[in-house]
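Novice: Below: one structure in structure tokens.
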Amino acid sequence: RLQENHYGEPFKALTGHSHFVTDLTLSSDKSYLISPSWDKSLRLWDVRYARCLERFVGHNKEVHSVTFSSDNRQIFSGGSEKNLFIWNTLGQCKVKSEHNNHLGWVSKVRYSQSRKNDYYASVGRDGRLKIWSGIFKLYASIKAHDNYINALAISTNGQYIATGGKDQNIRIWDYNDLSKPYQDLKTDSEVHALDFNTHFMWLTAATDNKIKVYDIMKKEELCVLSQDPEMPEEADEHTPKPRCTSIKWSSNSKKLYVGCSDGHIRVYDVIIS
């Protein structure tokens with residue numbers, strides 16, 4: 001634990017965007033990073049040298065989410081324009097979706113990393129989950145939630161897709177049978193982020209009040225983590241609990257990184273016997 005008033009210093013800083021950065025996605029070899037922003041652009045970064053390689057210009061409104069294809073040769077983005085864009089790594093927009101677009105802005109887009117289940121998915125403010133292949137070939141369009149969707153995650157094997165949002169529900173979908181949710185999990189507050197553990201079939205959810213870890217195979221809740229273990233359960237109005245806004249498992253699946261509304265990043269060791 002760092003001593004009070006001692007903070008980690010950035011090892012490298014990637015600067016260039018002129019507004020909020022809304023999402024981050026690493027290439028599969030961890031060498032490149034792509035970032036979208038409310039400044040209506042995306043940037044491709046060389047992580048090793050902290051250098052911007054390309055600036056992607058073509059969106060006319062805010063960009064909310066981005067993902068690499070499984071082979072890192074294509075980049076998919078979406079935002080307030082309600083459609084999806086496909087780019088090459090040189091920053092050239094190759095095609096925009098013209099049909100079957102979301103009715104509200106695109107909040108998240110993610111690509112399956114499984115060769116067996118090769119697809120990408122998008123969710124939006126219209127409460128729909130859309131699953132695509134190739135050049136915007138629509139595989140499925142599902143009314144997944146009754147209100148807007150914030151969060152989207154795809155399991156490492158590509159079989160399970162998790163969605164969550166304003167209606168305080170987490171729904172897990174089996175790619176092989178999309179007729180109904182594989183699991184329907186109730187939470188007590190809005191779901192802001194979801195992430196699958198890379199080694200175990202665990203799903204982590206970030207909500208207003210808690211961080212929850214679920215075992216998908218056993219269909220059970222494994223544990224509940226507090227956003228701030230040092231803060232009393234009943235904080236007064238002058239010391240509100242921080243909301244968890246982003247979440248990510250480490251590559252070895254032992255640590256959980258949580259970004260919170262108070263500007264802190266909290267790191268948890270998650271050991272479940």
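Each chain of the structure tokens is named A, B, ... in the order shown, its residues numbered from 1; ligands are numbered from 1 in display order.
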Any chance you could list, as a ChimeraX atom specification, the residues in segment 20-140 of chain A that come up strand (DSSP E) when DSSP is run on the backbone?

Specialist: /A:25-26,32-36,41-46,51-57,63-68,74-79,84-88,93-96,106-111,120-124,128-133,137-140

Novice: Residues of segment 111-145 of chain A that approach segment 176-179 of chain A to 12 Å or less, counting only C-alpha atoms: could you list each one with the shortest pair of atoms and its distance in Å to one decimal, rows by chain and increasing residue number, as a Markdown table?

Specialist:
```
| residue | atom | partner | partner_atom | distance |
| --- | --- | --- | --- | --- |
| A:Lys116 | CA | A:Asn176 | CA | 11.6 |
| A:Asn117 | CA | A:Asn176 | CA | 9.4 |
| A:Leu129 | CA | A:Leu178 | CA | 10.5 |
| A:Lys130 | CA | A:Leu178 | CA | 11.0 |
| A:Ile131 | CA | A:Leu178 | CA | 10.2 |
| A:Tyr139 | CA | A:Leu178 | CA | 10.3 |
| A:Ala140 | CA | A:Leu178 | CA | 8.0 |
| A:Ser141 | CA | A:Leu178 | CA | 9.5 |
| A:Ile142 | CA | A:Leu178 | CA | 8.2 |
| A:Lys143 | CA | A:Ser179 | CA | 10.9 |
| A:Ala144 | CA | A:Leu178 | CA | 10.3 |
```

Novice: Skip Phe56 of chain A itself and residues of its chain fewer than 3 positions away, then list as a ChimeraX atom specification all residues within 9 Å of it, counting only C-alpha atoms.

Specialist: /A:40-44,59,87,90-93

Novice: Residues within 8 Å of Asn209 of chain A, please, as a ChimeraX atom specification. Count only C-alpha atoms; anything in the same chain fewer than 3 positions from it doesn't count.

Specialist: /A:188-189,226-227,241,243-244

Novice: Since we have the selection now, will you write its residues out, keeping N, CA and C atoms, as a PDB file, in the first residue's frame?

Specialist:
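After the write, out.pdb holds the following:
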```pdb
ATOM      1  N   ASP A 188     -28.709  -4.047  -7.923  1.00  0.00           N
ATOM      2  CA  ASP A 188     -29.493  -3.030  -7.216  1.00  0.00           C
ATOM      3  C   ASP A 188     -29.163  -1.617  -7.688  1.00  0.00           C
ATOM      4  N   SER A 189     -28.421  -1.501  -8.793  1.00  0.00           N
ATOM      5  CA  SER A 189     -28.108  -0.179  -9.327  1.00  0.00           C
ATOM      6  C   SER A 189     -27.659  -0.318 -10.778  1.00  0.00           C
ATOM      7  N   SER A 226     -16.337  -3.974  -2.199  1.00  0.00           N
ATOM      8  CA  SER A 226     -16.692  -2.585  -1.959  1.00  0.00           C
ATOM      9  C   SER A 226     -15.785  -1.676  -2.782  1.00  0.00           C
ATOM     10  N   GLN A 227     -16.345  -0.561  -3.304  1.00  0.00           N
ATOM     11  CA  GLN A 227     -15.526   0.389  -4.034  1.00  0.00           C
ATOM     12  C   GLN A 227     -14.435   0.985  -3.153  1.00  0.00           C
ATOM     13  N   LYS A 241     -20.221   7.604  -1.616  1.00  0.00           N
ATOM     14  CA  LYS A 241     -19.364   6.526  -2.114  1.00  0.00           C
ATOM     15  C   LYS A 241     -19.040   6.752  -3.581  1.00  0.00           C
ATOM     16  N   ARG A 243     -18.548   5.960  -7.451  1.00  0.00           N
ATOM     17  CA  ARG A 243     -19.107   5.005  -8.402  1.00  0.00           C
ATOM     18  C   ARG A 243     -17.969   4.341  -9.173  1.00  0.00           C
ATOM     19  N   CYS A 244     -18.135   3.075  -9.462  1.00  0.00           N
ATOM     20  CA  CYS A 244     -17.174   2.359 -10.297  1.00  0.00           C
ATOM     21  C   CYS A 244     -17.575   2.554 -11.754  1.00  0.00           C
TER      22      CYS A 244
END
```

Novice: Neighbouring residues of Thr204 of chain A were defined as those with any atom within 10 Å, considering only C-alpha atoms; residues of the same chain fewer than 6 positions away were excluded. Please report them as a list in words.

Specialist: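 The neighbour list is Ala153, Ala162, Ala193, Leu194, Asp195, Phe196, Asn197, Ile211, Lys212, Val213, Tyr214, Asp215, Glu221, Leu222, Cys223, Val224, Ile247, Lys248, Trp249 and Leu256 of chain A.
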
Novice: Point out the residue among A:Lys255, A:His199, A:Arg125, A:Arg115 with the least atom-to-atom distance to Gln159 of chain A, counting only C-alpha atoms.

Specialist: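 That would be A:Arg115, the residue with the smallest distance to Gln159 of chain A.
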
Novice: My list of candidates is A:Ser65, A:Asn150, A:Gln183, A:Thr207. Which is closest to Val258 of chain A when distances are computed with only C-alpha atoms?

Specialist: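 Selected residue with least distance to Val258 of chain A: A:Thr207.
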